[in-house]
$ cat work-v1.pdb   # PDB, C-alpha atoms
ATOM      1  CA  MET A   1     -16.990 -59.613 -42.865  1.00  0.00           C
ATOM      2  CA  PHE A   2     -18.206 -58.390 -46.243  1.00  0.00           C
ATOM      3  CA  LYS A   3     -21.960 -57.844 -46.601  1.00  0.00           C
ATOM      4  CA  ARG A   4     -22.297 -56.288 -50.095  1.00  0.00           C
ATOM      5  CA  ILE A   5     -20.169 -57.961 -52.737  1.00  0.00           C
ATOM      6  CA  LEU A   6     -19.974 -56.705 -56.314  1.00  0.00           C
ATOM      7  CA  VAL A   7     -18.841 -59.039 -59.095  1.00  0.00           C
ATOM      8  CA  PRO A   8     -18.179 -57.494 -62.524  1.00  0.00           C
ATOM      9  CA  VAL A   9     -18.456 -60.051 -65.333  1.00  0.00           C
ATOM     10  CA  ASP A  10     -17.615 -60.022 -69.006  1.00  0.00           C
ATOM     11  CA  LEU A  11     -20.390 -61.991 -70.685  1.00  0.00           C
ATOM     12  CA  THR A  12     -18.207 -62.672 -73.715  1.00  0.00           C
ATOM     13  CA  GLU A  13     -16.100 -64.919 -71.420  1.00  0.00           C
ATOM     14  CA  PRO A  14     -18.542 -66.400 -68.856  1.00  0.00           C
ATOM     15  CA  GLU A  15     -16.154 -69.199 -67.821  1.00  0.00           C
ATOM     16  CA  PHE A  16     -13.503 -66.593 -67.065  1.00  0.00           C
ATOM     17  CA  ALA A  17     -15.866 -64.963 -64.518  1.00  0.00           C
ATOM     18  CA  LYS A  18     -16.795 -68.235 -62.787  1.00  0.00           C
ATOM     19  CA  PRO A  19     -13.936 -68.202 -60.213  1.00  0.00           C
ATOM     20  CA  ALA A  20     -14.908 -64.676 -59.111  1.00  0.00           C
ATOM     21  CA  ILE A  21     -18.592 -65.584 -58.859  1.00  0.00           C
ATOM     22  CA  ASP A  22     -17.821 -68.757 -56.901  1.00  0.00           C
ATOM     23  CA  THR A  23     -15.552 -66.808 -54.531  1.00  0.00           C
ATOM     24  CA  ALA A  24     -18.146 -64.065 -54.000  1.00  0.00           C
ATOM     25  CA  VAL A  25     -20.925 -66.594 -53.353  1.00  0.00           C
ATOM     26  CA  GLU A  26     -18.773 -68.446 -50.827  1.00  0.00           C
ATOM     27  CA  MET A  27     -17.915 -65.195 -49.030  1.00  0.00           C
ATOM     28  CA  ALA A  28     -21.553 -64.048 -49.054  1.00  0.00           C
ATOM     29  CA  ARG A  29     -22.700 -67.344 -47.568  1.00  0.00           C
ATOM     30  CA  ALA A  30     -20.086 -67.123 -44.819  1.00  0.00           C
ATOM     31  CA  SER A  31     -21.041 -63.574 -43.877  1.00  0.00           C
ATOM     32  CA  GLY A  32     -24.762 -63.580 -44.612  1.00  0.00           C
ATOM     33  CA  GLY A  33     -24.104 -61.010 -47.327  1.00  0.00           C
ATOM     34  CA  ILE A  34     -25.502 -60.335 -50.767  1.00  0.00           C
ATOM     35  CA  VAL A  35     -23.954 -60.510 -54.232  1.00  0.00           C
ATOM     36  CA  ARG A  36     -24.483 -58.033 -57.055  1.00  0.00           C
ATOM     37  CA  VAL A  37     -23.354 -59.153 -60.522  1.00  0.00           C
ATOM     38  CA  VAL A  38     -22.738 -56.366 -63.034  1.00  0.00           C
ATOM     39  CA  ASN A  39     -21.985 -56.360 -66.742  1.00  0.00           C
ATOM     40  CA  VAL A  40     -20.786 -53.241 -68.526  1.00  0.00           C
ATOM     41  CA  LEU A  41     -21.705 -52.755 -72.159  1.00  0.00           C
ATOM     42  CA  PRO A  42     -19.421 -50.569 -74.243  1.00  0.00           C
ATOM     43  CA  MET A  43     -20.856 -47.482 -75.892  1.00  0.00           C
ATOM     44  CA  THR A  44     -21.607 -47.905 -79.595  1.00  0.00           C
ATOM     45  CA  PRO A  45     -19.038 -45.844 -81.478  1.00  0.00           C
ATOM     46  CA  VAL A  46     -20.613 -42.886 -83.287  1.00  0.00           C
ATOM     47  CA  MET A  47     -19.029 -43.897 -86.582  1.00  0.00           C
ATOM     48  CA  LEU A  48     -20.863 -47.256 -86.414  1.00  0.00           C
ATOM     49  CA  ALA A  49     -24.229 -45.885 -85.328  1.00  0.00           C
ATOM     50  CA  GLU A  50     -25.617 -45.649 -88.847  1.00  0.00           C
ATOM     51  CA  TYR A  51     -24.755 -49.302 -89.548  1.00  0.00           C
ATOM     52  CA  VAL A  52     -26.557 -50.867 -86.594  1.00  0.00           C
ATOM     53  CA  PRO A  53     -30.315 -51.085 -85.980  1.00  0.00           C
ATOM     54  CA  ALA A  54     -31.920 -48.171 -84.153  1.00  0.00           C
ATOM     55  CA  ASP A  55     -32.706 -50.397 -81.175  1.00  0.00           C
ATOM     56  CA  PHE A  56     -29.223 -51.987 -81.042  1.00  0.00           C
ATOM     57  CA  ASP A  57     -28.429 -50.697 -77.539  1.00  0.00           C
ATOM     58  CA  SER A  58     -31.728 -51.919 -76.099  1.00  0.00           C
ATOM     59  CA  GLN A  59     -31.301 -55.330 -77.787  1.00  0.00           C
ATOM     60  CA  GLN A  60     -27.800 -55.580 -76.368  1.00  0.00           C
ATOM     61  CA  ARG A  61     -29.057 -54.648 -72.889  1.00  0.00           C
ATOM     62  CA  GLU A  62     -31.878 -57.204 -73.050  1.00  0.00           C
ATOM     63  CA  THR A  63     -29.476 -59.963 -74.129  1.00  0.00           C
ATOM     64  CA  SER A  64     -27.104 -59.059 -71.286  1.00  0.00           C
ATOM     65  CA  GLU A  65     -29.919 -59.039 -68.723  1.00  0.00           C
ATOM     66  CA  GLU A  66     -31.001 -62.521 -69.847  1.00  0.00           C
ATOM     67  CA  ALA A  67     -27.423 -63.821 -69.666  1.00  0.00           C
ATOM     68  CA  LEU A  68     -26.921 -62.313 -66.195  1.00  0.00           C
ATOM     69  CA  ALA A  69     -30.139 -63.957 -65.005  1.00  0.00           C
ATOM     70  CA  ILE A  70     -28.688 -67.316 -66.047  1.00  0.00           C
ATOM     71  CA  VAL A  71     -25.392 -66.535 -64.286  1.00  0.00           C
ATOM     72  CA  ALA A  72     -27.299 -65.628 -61.107  1.00  0.00           C
ATOM     73  CA  ARG A  73     -29.465 -68.741 -61.283  1.00  0.00           C
ATOM     74  CA  GLU A  74     -26.423 -71.002 -61.795  1.00  0.00           C
ATOM     75  CA  SER A  75     -24.451 -69.379 -58.954  1.00  0.00           C
ATOM     76  CA  GLY A  76     -26.066 -71.661 -56.379  1.00  0.00           C
ATOM     77  CA  ILE A  77     -26.883 -68.877 -53.915  1.00  0.00           C
ATOM     78  CA  ASP A  78     -30.394 -68.134 -52.667  1.00  0.00           C
ATOM     79  CA  PRO A  79     -32.110 -65.978 -55.335  1.00  0.00           C
ATOM     80  CA  GLN A  80     -33.010 -63.417 -52.641  1.00  0.00           C
ATOM     81  CA  ARG A  81     -29.301 -62.804 -52.022  1.00  0.00           C
ATOM     82  CA  ILE A  82     -28.156 -62.144 -55.594  1.00  0.00           C
ATOM     83  CA  SER A  83     -29.072 -59.369 -58.006  1.00  0.00           C
ATOM     84  CA  THR A  84     -27.857 -58.210 -61.390  1.00  0.00           C
ATOM     85  CA  SER A  85     -27.243 -54.962 -63.191  1.00  0.00           C
ATOM     86  CA  VAL A  86     -26.343 -53.939 -66.735  1.00  0.00           C
ATOM     87  CA  ARG A  87     -24.565 -50.632 -67.231  1.00  0.00           C
ATOM     88  CA  GLN A  88     -23.218 -48.920 -70.311  1.00  0.00           C
ATOM     89  CA  GLY A  89     -20.033 -46.886 -70.625  1.00  0.00           C
ATOM     90  CA  GLY A  90     -16.366 -47.197 -69.728  1.00  0.00           C
ATOM     91  CA  ILE A  91     -15.739 -50.488 -67.977  1.00  0.00           C
ATOM     92  CA  TYR A  92     -13.786 -49.515 -64.880  1.00  0.00           C
ATOM     93  CA  HIS A  93     -15.688 -46.243 -64.471  1.00  0.00           C
ATOM     94  CA  GLU A  94     -19.049 -48.046 -64.503  1.00  0.00           C
ATOM     95  CA  ILE A  95     -17.799 -50.745 -62.112  1.00  0.00           C
ATOM     96  CA  LEU A  96     -16.756 -48.053 -59.637  1.00  0.00           C
ATOM     97  CA  GLU A  97     -20.078 -46.226 -60.088  1.00  0.00           C
ATOM     98  CA  GLU A  98     -22.013 -49.445 -59.456  1.00  0.00           C
ATOM     99  CA  ALA A  99     -19.924 -50.170 -56.357  1.00  0.00           C
ATOM    100  CA  ALA A 100     -20.769 -46.720 -55.006  1.00  0.00           C
ATOM    101  CA  ALA A 101     -24.461 -47.059 -55.917  1.00  0.00           C
ATOM    102  CA  VAL A 102     -24.891 -50.351 -54.049  1.00  0.00           C
ATOM    103  CA  LYS A 103     -22.493 -49.367 -51.243  1.00  0.00           C
ATOM    104  CA  ALA A 104     -20.323 -52.413 -51.946  1.00  0.00           C
ATOM    105  CA  ASP A 105     -17.747 -53.234 -49.310  1.00  0.00           C
ATOM    106  CA  LEU A 106     -15.945 -55.701 -51.603  1.00  0.00           C
ATOM    107  CA  ILE A 107     -15.423 -56.073 -55.337  1.00  0.00           C
ATOM    108  CA  VAL A 108     -14.438 -59.565 -56.498  1.00  0.00           C
ATOM    109  CA  MET A 109     -13.182 -59.779 -60.057  1.00  0.00           C
ATOM    110  CA  THR A 110     -11.017 -61.913 -62.282  1.00  0.00           C
ATOM    111  CA  SER A 111      -8.044 -60.636 -64.194  1.00  0.00           C
ATOM    112  CA  HIS A 112      -5.852 -61.986 -66.939  1.00  0.00           C
ATOM    113  CA  ARG A 113      -2.191 -62.395 -66.162  1.00  0.00           C
ATOM    114  CA  PRO A 114      -0.559 -59.045 -66.833  1.00  0.00           C
ATOM    115  CA  ALA A 115       0.912 -58.615 -70.274  1.00  0.00           C
ATOM    116  CA  MET A 116       3.543 -56.072 -71.182  1.00  0.00           C
ATOM    117  CA  ARG A 117       0.926 -53.725 -72.670  1.00  0.00           C
ATOM    118  CA  THR A 118      -1.065 -53.626 -69.406  1.00  0.00           C
ATOM    119  CA  TYR A 119       1.986 -52.483 -67.471  1.00  0.00           C
ATOM    120  CA  PHE A 120       1.978 -49.329 -69.570  1.00  0.00           C
ATOM    121  CA  LEU A 121      -1.723 -48.856 -70.370  1.00  0.00           C
ATOM    122  CA  GLY A 122      -3.302 -50.341 -67.274  1.00  0.00           C
ATOM    123  CA  SER A 123      -6.042 -52.939 -67.221  1.00  0.00           C
ATOM    124  CA  ASN A 124      -9.617 -52.509 -66.058  1.00  0.00           C
ATOM    125  CA  ALA A 125      -8.839 -54.591 -62.972  1.00  0.00           C
ATOM    126  CA  GLY A 126      -5.825 -52.400 -62.288  1.00  0.00           C
ATOM    127  CA  HIS A 127      -7.938 -49.256 -62.475  1.00  0.00           C
ATOM    128  CA  VAL A 128     -10.576 -50.742 -60.177  1.00  0.00           C
ATOM    129  CA  VAL A 129      -7.923 -51.753 -57.637  1.00  0.00           C
ATOM    130  CA  ARG A 130      -6.375 -48.280 -57.697  1.00  0.00           C
ATOM    131  CA  TYR A 131      -9.545 -46.207 -57.504  1.00  0.00           C
ATOM    132  CA  ALA A 132     -12.113 -48.301 -55.616  1.00  0.00           C
ATOM    133  CA  LYS A 133     -13.307 -46.916 -52.293  1.00  0.00           C
ATOM    134  CA  CYS A 134     -13.770 -50.457 -50.967  1.00  0.00           C
ATOM    135  CA  SER A 135     -11.669 -53.618 -50.808  1.00  0.00           C
ATOM    136  CA  VAL A 136     -10.956 -55.425 -54.064  1.00  0.00           C
ATOM    137  CA  LEU A 137     -10.143 -59.104 -54.425  1.00  0.00           C
ATOM    138  CA  VAL A 138      -8.600 -60.082 -57.762  1.00  0.00           C
ATOM    139  CA  VAL A 139      -9.017 -63.776 -58.517  1.00  0.00           C
ATOM    140  CA  ARG A 140      -6.553 -65.113 -61.066  1.00  0.00           C
ATOM    141  CA  HIS A 141      -7.993 -67.464 -63.660  1.00  0.00           C
TER     142      HIS A 141
END
$ encode --input "work-v1.pdb" --output "structure tokens"
Amino acid sequence: MFKRILVPVDLTEPEFAKPAIDTAVEMARASGGIVRVVNVLPMTPVMLAEYVPADFDSQQRETSEEALAIVARESGIDPQRISTSVRQGGIYHEILEEAAAVKADLIVMTSHRPAMRTYFLGSNAGHVVRYAKCSVLVVRH
């Protein structure tokens, strides 16, 4: 069964991530595995850099770390079996990098129902499914 489960979450929609977290926790309990919850912060566009405080990125990271700590605490799994990470960059690229870094054998993530634009542009979940080196479970909201 799966021992290292990665769950990417978008902290702007915490309820949207709940089904993926619940699924990952249930799978980790069944297999004696661990869960890693990751949030990816977008890079601050260069053209906006002069309009935000100098410590904007660190403030954003700190806020995300606090929010992830709450998500982990509310997951219901033993605190020794869940960890969190905040990364910054392109969403699907950073998810794949985190999966490689923690040697994840499963990524559990939610995805919106596909819209016409995602069939042409591709969604983050679609990119993760295509390029992940491990299994990916997409939980529909």
$ residues_around --input "work-v1.pdb" --residues "segment 65-68 of chain A" --least-positions-apart "6" --cutoff "8 Å" --atoms "only C-alpha atoms" --output "number ranges by chain"
A: 11, 37-39, 84-86
$ closest_residue --input "work-v1.pdb" --among "A:Val71, A:Ala20, A:Met27, A:Ile82" --to "Phe2 of chain A" --atoms "only C-alpha atoms"
A:Met27
$ closest_atom_pairs --input "work-v1.pdb" --of "segment 29-140 of chain A" --to "segment 5-10 of chain A" --cutoff "6 Å" --atoms "only C-alpha atoms" --output "CSV"
residue,atom,partner,partner_atom,distance
A:Val35,CA,A:Ile5,CA,4.8
A:Arg36,CA,A:Leu6,CA,4.8
A:Val37,CA,A:Val7,CA,4.7
A:Val38,CA,A:Pro8,CA,4.7
A:Asn39,CA,A:Val9,CA,5.3
A:Ala104,CA,A:Ile5,CA,5.6
A:Leu106,CA,A:Ile5,CA,4.9
A:Ile107,CA,A:Leu6,CA,4.7
A:Val108,CA,A:Val7,CA,5.1
A:Met109,CA,A:Val7,CA,5.8
$ write_last_selection --input "work-v1.pdb" --atoms "C-alpha atoms" --output "CSV table (one decimal), in the coordinates of the input"
chain,number,residue,atom,x,y,z
A,35,VAL,CA,-24.0,-60.5,-54.2
A,36,ARG,CA,-24.5,-58.0,-57.1
A,37,VAL,CA,-23.4,-59.2,-60.5
A,38,VAL,CA,-22.7,-56.4,-63.0
A,39,ASN,CA,-22.0,-56.4,-66.7
A,104,ALA,CA,-20.3,-52.4,-51.9
A,106,LEU,CA,-15.9,-55.7,-51.6
A,107,ILE,CA,-15.4,-56.1,-55.3
A,108,VAL,CA,-14.4,-59.6,-56.5
A,109,MET,CA,-13.2,-59.8,-60.1
$ resolve_selection --input "work-v1.pdb" --expression "the PyMOL selection byres ((chain A and resi 31) around 12)" --output "count of residues only"
17
$ resolve_selection --input "work-v1.pdb" --expression "the PyMOL selection byres ((chain A and resi 125-129) around 12)" --output "number ranges by chain"
A: 6-10, 90-99, 106-114, 118-124, 130-140
$ axis_aligned_box --input "work-v1.pdb" --around "segment 5-13 of chain A" --padding-each-side "4 Å" --output "AutoDock Vina command-line options"
--center_x -18.2 --center_y -60.8 --center_z -63.2 --size_x 12.3 --size_y 16.2 --size_z 29.0
$ resolve_selection --input "work-v1.pdb" --expression "the PyMOL selection byres ((chain A and resi 18) around 9)" --output "PyMOL selection string"
chain A and resi 9+14-17+19-23+71+75+110+141
$ closest_residue --input "work-v1.pdb" --among "A:Ser83, A:Gln88, A:Ser58, A:Tyr51" --to "Ile70 of chain A" --atoms "only C-alpha atoms"
A:Ser83
